[in-house]
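For reference, query16.txt (compact mmCIF, C-alpha atoms and all ligand atoms):
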# COMPACT_ATOMS: atom_id res chain seq x y z
CA MET A 276 59.63 -18.96 34.04
CA ILE A 277 60.40 -15.67 35.85
CA GLY A 278 63.57 -15.61 37.98
CA ILE A 279 63.88 -13.13 40.84
CA ILE A 280 67.18 -12.28 42.48
CA GLY A 281 66.32 -10.50 45.73
CA GLY A 282 62.85 -12.01 46.07
CA THR A 283 63.03 -12.05 49.86
CA GLY A 284 63.59 -8.28 50.23
CA LEU A 285 61.11 -5.48 50.71
CA MET A 286 60.33 -5.09 47.00
CA GLY A 287 60.85 -8.76 46.18
CA LYS A 288 58.15 -9.92 48.59
CA GLN A 289 55.69 -7.42 47.15
CA LEU A 290 56.53 -8.49 43.61
CA CYS A 291 56.10 -12.19 44.47
CA ARG A 292 52.70 -11.36 45.98
CA HIS A 293 51.64 -9.69 42.70
CA LEU A 294 53.02 -12.44 40.49
CA SER A 295 51.59 -15.29 42.54
CA GLN A 296 48.17 -14.00 41.48
CA GLN A 297 49.15 -15.00 37.93
CA PRO A 298 49.86 -18.75 38.22
CA GLU A 299 50.65 -18.90 34.50
CA LEU A 300 53.91 -17.06 35.35
CA PRO A 301 55.84 -19.62 37.48
CA LEU A 302 58.55 -18.17 39.72
CA ARG A 303 62.06 -19.16 40.68
CA ILE A 304 63.35 -17.11 43.59
CA ALA A 305 66.97 -16.80 44.71
CA SER A 306 68.13 -16.18 48.24
CA ARG A 307 71.40 -16.66 50.10
CA THR A 308 69.36 -18.51 52.72
CA PRO A 309 66.32 -20.09 51.08
CA SER A 310 64.14 -21.74 53.68
CA GLN A 311 60.73 -21.50 52.06
CA GLN A 312 58.72 -24.45 50.76
CA GLN A 313 58.82 -25.31 47.07
CA ASN A 314 55.46 -25.67 45.34
CA GLU A 315 54.14 -26.01 41.78
CA CYS A 316 54.33 -22.27 41.16
CA VAL A 317 57.39 -21.24 43.20
CA GLN A 318 60.86 -22.79 43.29
CA TRP A 319 63.63 -21.58 45.61
CA SER A 320 67.39 -21.59 44.92
CA ARG A 321 70.43 -20.76 46.99
CA ILE A 322 72.41 -18.02 45.19
CA ASP A 323 74.94 -15.55 46.50
CA LEU A 324 75.93 -13.02 43.83
CA ALA A 325 79.25 -12.63 45.65
CA ASP A 326 80.39 -15.91 44.06
CA GLY A 327 77.60 -16.63 41.58
CA GLN A 328 77.59 -20.36 42.31
CA GLY A 329 74.44 -22.07 41.14
CA LEU A 330 73.50 -19.27 38.74
CA GLY A 331 73.60 -21.61 35.73
CA ARG A 332 71.10 -24.00 37.28
CA PHE A 333 68.98 -21.08 38.45
CA LEU A 334 68.81 -19.55 34.96
CA GLN A 335 67.81 -22.75 33.18
CA ASP A 336 64.41 -22.05 31.52
CA VAL A 337 64.25 -18.53 32.97
CA HIS A 338 62.91 -16.19 30.26
CA GLN A 339 62.54 -13.07 32.33
CA LEU A 340 64.92 -12.15 35.14
CA VAL A 341 64.39 -9.48 37.81
CA HIS A 342 67.44 -8.01 39.56
CA LEU A 343 66.46 -6.69 43.00
CA ALA A 344 69.75 -7.37 44.79
CA TRP A 345 71.58 -4.18 43.90
CA ASN A 346 72.66 -1.66 46.55
CA GLN A 347 73.64 -4.43 48.94
CA GLN A 348 77.42 -4.74 49.14
CA PRO A 349 79.66 -2.51 46.94
CA LEU A 350 81.59 -5.42 45.42
CA VAL A 351 78.43 -7.41 44.81
CA ASP A 352 76.73 -4.42 43.21
CA ILE A 353 79.22 -4.45 40.35
CA GLY A 354 80.81 -7.92 40.32
CA GLY A 355 77.54 -9.64 41.24
CA THR A 356 75.59 -7.72 38.60
CA TRP A 357 78.25 -8.58 36.03
CA ARG A 358 78.04 -12.30 36.92
CA LEU A 359 74.27 -12.22 36.74
CA ALA A 360 74.03 -10.36 33.42
CA TYR A 361 76.68 -12.43 31.61
CA ARG A 362 75.27 -15.75 32.82
CA ALA A 363 71.83 -14.47 31.75
CA ALA A 364 73.21 -13.85 28.25
CA GLN A 365 74.68 -17.39 28.14
CA TYR A 366 71.32 -18.82 29.14
CA GLN A 367 69.50 -16.65 26.57
CA VAL A 368 67.32 -14.82 29.05
CA GLN A 369 64.98 -12.66 26.99
CA HIS A 370 64.29 -9.85 29.41
CA LEU A 371 66.33 -8.46 32.31
CA LEU A 372 64.40 -6.08 34.56
CA TYR A 373 66.31 -3.83 36.94
CA LEU A 374 64.73 -1.67 39.64
CA SER A 375 66.85 1.41 40.18
CA PRO A 376 66.59 4.24 42.71
CA ALA A 377 65.35 7.32 40.83
CA GLN A 378 67.24 9.81 42.96
CA PRO A 379 70.84 8.74 43.32
CA ASP A 380 71.75 11.54 45.75
CA LEU A 381 69.69 10.23 48.68
CA PRO A 382 71.50 8.54 51.58
CA PHE A 383 69.78 5.20 50.95
CA SER A 384 70.13 5.18 47.15
CA GLY A 385 73.55 3.53 47.03
CA ASN A 386 76.63 4.66 45.16
CA ARG A 387 75.80 6.63 42.00
CA ASP A 388 78.89 5.46 40.06
CA ASN A 389 78.28 1.82 40.99
CA ARG A 390 74.72 2.15 39.76
CA LYS A 391 75.84 3.63 36.41
CA GLU A 392 78.43 0.91 36.03
CA ALA A 393 75.94 -1.83 36.90
CA ILE A 394 73.52 -0.54 34.23
CA LEU A 395 76.36 -0.36 31.69
CA LEU A 396 77.37 -3.95 32.42
CA MET A 397 73.79 -5.13 32.05
CA ARG A 398 73.50 -3.34 28.69
CA GLN A 399 76.84 -4.71 27.50
CA SER A 400 75.73 -8.26 28.26
CA GLY A 401 73.31 -7.98 25.33
CA VAL A 402 70.31 -9.23 27.32
CA PRO A 403 67.35 -6.96 26.50
CA LEU A 404 67.09 -4.67 29.50
CA SER A 405 64.25 -2.72 31.09
CA VAL A 406 65.01 -0.18 33.79
CA VAL A 407 62.38 0.98 36.26
CA GLU A 408 63.56 4.10 38.10
CA SER A 409 61.54 4.60 41.23
CA GLN A 410 61.32 7.04 44.07
CA PRO A 411 61.63 5.27 47.42
CA SER A 412 58.63 3.46 48.83
CA PHE A 413 57.08 4.58 52.11
CA GLU A 414 58.18 1.24 53.51
CA ALA A 415 61.83 1.84 52.56
CA LEU A 416 61.68 5.31 54.11
CA LEU A 417 60.25 3.91 57.30
CA ARG A 418 63.02 1.31 57.40
CA TYR A 419 65.57 4.09 56.94
CA CYS A 420 63.99 6.15 59.72
CA ILE A 421 64.07 3.17 62.07
CA GLN A 422 67.66 2.29 61.18
CA THR A 423 68.87 5.83 61.77
CA ALA A 424 66.63 6.72 64.73
CA ALA A 425 69.31 5.90 67.29
CA LEU A 426 72.05 7.95 65.62
CA PRO A 427 73.03 11.20 67.32
CA LEU A 428 73.02 12.93 63.91
CA TRP A 429 70.68 12.19 61.03
CA ALA A 430 72.38 11.69 57.71
CA ILE A 431 69.73 13.77 55.99
CA PRO A 432 70.68 16.29 53.33
CA ASN A 433 68.82 19.52 53.86
CA GLY A 434 66.23 20.55 51.30
CA LYS A 435 66.11 17.28 49.35
CA LYS A 436 62.61 16.52 48.15
CA ILE A 437 61.21 13.09 47.47
CA ALA A 438 57.89 11.77 46.24
CA PRO A 439 57.45 8.38 47.93
CA LEU A 440 54.88 5.82 46.87
CA PRO A 441 53.61 2.51 48.24
CA ALA A 442 55.85 -0.50 47.66
CA SER A 443 52.86 -2.42 46.29
CA GLN A 444 52.48 0.22 43.56
CA ILE A 445 56.13 -0.17 42.50
CA ALA A 446 55.77 -3.95 42.53
CA GLY A 447 52.55 -3.68 40.52
CA SER A 448 54.40 -1.76 37.80
CA LEU A 449 57.15 -4.39 37.72
CA ALA A 450 54.53 -7.14 37.47
CA THR A 451 52.78 -5.32 34.61
CA LEU A 452 56.06 -5.01 32.72
CA LEU A 453 56.74 -8.72 33.21
CA ALA A 454 53.24 -9.68 32.11
CA SER A 455 53.71 -7.62 28.93
CA GLY A 456 56.98 -9.49 28.27
CA ASN A 457 58.20 -6.38 26.44
CA PRO A 458 61.89 -5.62 27.07
CA GLY A 459 63.65 -2.33 26.37
CA GLN A 460 61.38 -0.19 28.55
CA ARG A 461 62.32 2.73 30.77
CA VAL A 462 59.71 3.56 33.37
CA VAL A 463 59.92 6.36 35.94
CA LEU A 464 57.79 6.06 39.08
CA LYS A 465 57.01 8.69 41.68
CA GLY A 466 54.33 9.41 44.25
CA GLU A 467 51.94 12.32 44.24
CA GLU A 468 53.24 14.27 47.21
CA GLN A 469 56.67 15.98 47.33
CA LEU A 470 58.19 15.82 50.82
CA SER A 471 61.50 16.90 52.24
CA LEU A 472 63.49 14.33 54.17
CA ARG A 473 63.47 16.62 57.18
CA GLN A 474 59.70 16.73 57.00
CA LEU A 475 59.55 12.95 56.87
CA VAL A 476 61.83 12.56 59.85
CA SER A 477 59.92 15.01 61.97
CA LEU A 478 56.67 13.31 61.00
CA TYR A 479 58.21 9.99 61.92
CA ARG A 480 59.05 11.41 65.32
CA ARG A 481 55.42 12.59 65.51
CA LYS A 482 56.21 16.26 65.94
CA PRO A 483 53.13 18.49 66.22
CA ASN A 484 53.79 20.42 63.00
CA ALA A 485 53.23 17.29 60.89
CA THR A 486 51.58 18.22 57.62
CA SER A 487 51.87 15.39 55.15
CA THR A 488 48.71 13.39 54.57
CA ALA A 489 50.31 10.59 52.52
CA TRP A 490 53.09 9.87 54.99
CA GLU A 491 50.80 10.23 58.02
CA SER A 492 48.24 7.84 56.63
CA PHE A 493 51.01 5.40 55.80
CA LEU A 494 52.35 5.56 59.37
CA ALA A 495 48.85 5.29 60.80
CA GLY A 496 48.39 2.02 58.91
CA THR A 497 51.67 0.42 60.05
N1 LIG A 501 62.61 -0.38 48.37
C1 LIG A 501 62.37 0.67 47.58
O1 LIG A 501 61.51 1.51 47.87
C2 LIG A 501 63.17 0.85 46.30
C3 LIG A 501 62.91 1.96 45.48
C4 LIG A 501 63.66 2.10 44.30
C5 LIG A 501 64.63 1.15 43.98
N2 LIG A 501 64.85 0.11 44.82
C6 LIG A 501 65.88 -0.88 44.47
O2 LIG A 501 65.27 -2.16 44.47
C7 LIG A 501 66.20 -3.14 44.95
C8 LIG A 501 65.55 -3.92 46.09
O3 LIG A 501 65.27 -3.04 47.16
P1 LIG A 501 64.71 -3.60 48.55
O4 LIG A 501 64.32 -2.42 49.35
O5 LIG A 501 63.72 -4.69 48.29
O6 LIG A 501 66.04 -4.25 49.17
P2 LIG A 501 66.17 -5.23 50.43
O7 LIG A 501 64.90 -5.27 51.21
O8 LIG A 501 67.41 -4.86 51.12
O9 LIG A 501 66.36 -6.68 49.76
C9 LIG A 501 67.58 -7.03 49.17
C10 LIG A 501 67.48 -8.41 48.53
O10 LIG A 501 68.75 -8.69 47.94
C11 LIG A 501 69.14 -10.01 48.27
N3 LIG A 501 70.62 -10.05 48.37
C12 LIG A 501 71.40 -9.27 49.13
N4 LIG A 501 72.69 -9.58 48.94
C13 LIG A 501 72.72 -10.59 48.04
C14 LIG A 501 73.75 -11.36 47.45
N5 LIG A 501 75.05 -11.17 47.76
N6 LIG A 501 73.41 -12.33 46.56
C15 LIG A 501 72.11 -12.57 46.26
N7 LIG A 501 71.07 -11.86 46.78
C16 LIG A 501 71.38 -10.90 47.67
C17 LIG A 501 68.48 -10.31 49.61
O11 LIG A 501 68.21 -11.71 49.64
P3 LIG A 501 68.70 -12.72 50.80
O12 LIG A 501 69.02 -11.88 52.01
O13 LIG A 501 67.52 -13.64 50.99
O14 LIG A 501 69.88 -13.41 50.22
C18 LIG A 501 67.17 -9.53 49.51
O15 LIG A 501 66.16 -10.33 48.94
C19 LIG A 501 67.46 -2.39 45.36
O16 LIG A 501 68.38 -2.50 44.31
C20 LIG A 501 67.00 -0.95 45.52
O17 LIG A 501 68.04 -0.03 45.23
C21 LIG A 501 64.14 -0.08 45.97
The structure in this file should be written as structure tokens.
Amino acid sequence: MIGIIGGTGLMGKQLCRHLSQQPELPLRIASRTPSQQQNECVQWSRIDLADGQGLGRFLQDVHQLVHLAWNQQPLVDIGGTWRLAYRAAQYQVQHLLYLSPAQPDLPFSGNRDNRKEAILLMRQSGVPLSVVESQPSFEALLRYCIQTAALPLWAIPNGKKIAPLPASQIAGSLATLLASGNPGQRVVLKGEEQLSLRQLVSLYRRKPNATSTAWESFLAGT
């Protein structure tokens, strides 16, 4: 059984789509507000990492656990990750897979120290850990652009370059790692085209000097 914390989010949905094509890997998905139907391949549980209630029941028979609920609330990022990792050790989870932002200095990458601490706590739990460090997906960038579009100032550091990639590609790599069942991996993911955040924002606003093919074709398809 594969357990996913954060299975309703942007990356979680993509991962579930990939994994549901492999019915031999049944899923248990956690959400603070599970409303979806149970079926033979997918079970839903109500979990809030803020208190960790129900984690024991959730982790029963889970062999591989995916943590996609980091960078949510500062206290949950550390305390919630600690709860999750230590309960996972108690329930003898054999593989903990964590998706981490690859570039911690971007405005949507979360707190760098919290991320380091979360990884340390997961390692200290003794559950074999794999870390996938990924550049942001196009979808996450678009969400960021939409969220910040109304602000009078953009919280965009000048000159930062990123190499975004499709969310489905990130999820595909996570699914491949899970199918291999091999813990202890470190995988770094990035797209082919290097873009500055300023470039992305101006492309998002459809300014005439748009130059990026990858980002433009992504926006054209949305
Ligand atoms: N998106 C990307 O391109 C990208 C790239 C690199 C790394 N990452 C990392 O991948 C992870 C997922 O990113 P995302 O974009 O999919 O995030 P997202 O869309 O914001 O989804 C967050 C998920 O976390 C769950 N969650 C939030 N607070 C929770 C809590 N207190 N207890 C339990 N679950 C909670 C939410 O579930 P409910 O609301 O249903 O409870 C939701 O499924 C993040 O750690 C992010 O840093 C993402």
Close residues to ligand LIG 501 (chain A) using only C-alpha atoms and all ligand atoms, limit 7 Å, as a PyMOL selection string: chain A and resi 280-287+305-309+322-325+343-348+351+374-377+384-385+408-415+442
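The shortest atom-to-atom distance to Gln318 in chain A, with all atoms listed in the file taken into account, belongs to A:Gly278 out of A:Gly354, A:Gly278, A:Pro382, A:Pro458.
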Using only C-alpha atoms, determine which residues lie at most 9 Å from Val368 in chain A, disregarding the query and same-chain residues fewer than 5 positions distant; provide the list as a tab-separated table (two decimals) with C-alpha atoms, in the coordinates of the input.
chain	number	residue	atom	x	y	z
A	334	LEU	CA	68.81	-19.55	34.96
A	335	GLN	CA	67.81	-22.75	33.18
A	336	ASP	CA	64.41	-22.05	31.52
A	337	VAL	CA	64.25	-18.53	32.97
A	338	HIS	CA	62.91	-16.19	30.26
A	339	GLN	CA	62.54	-13.07	32.33
A	340	LEU	CA	64.92	-12.15	35.14
A	362	ARG	CA	75.27	-15.75	32.82
A	363	ALA	CA	71.83	-14.47	31.75
A	402	VAL	CA	70.31	-9.23	27.32
A	403	PRO	CA	67.35	-6.96	26.50
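Our summary of the geometry notes that CA of Asn314 in chain A is positioned 28.5 Å from CA of Tyr361 in chain A.
Of the listed residues (A:Pro441, A:Glu468, A:Arg398, A:Ala454), A:Ala454 comes nearest to Gln296 in chain A; the distances count all atoms listed in the file.
Here CA of Ser295 in chain A stands at a distance of 7.6 Å from CA of Cys316 in chain A.
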How many Å lie between CA of Tyr419 in chain A and CA of Glu392 in chain A, rounded to one decimal? 24.8 Å
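Distance annotation: of A:Asn457, A:Ser320, A:Ser471, A:Gln311, the residue with the minimal separation from Gln369 in chain A is A:Asn457; atom set is only C-alpha atoms.
Nearest residue to Ala438 in chain A among A:Leu404, A:Met397, A:Gln378, A:Leu417 is A:Gln378, counting only C-alpha atoms.
Using all atoms listed in the file, the shortest contact distance between Tyr366 in chain A and any of A:Leu396, A:Leu330, A:Leu381, A:Ile353 is found at A:Leu330.
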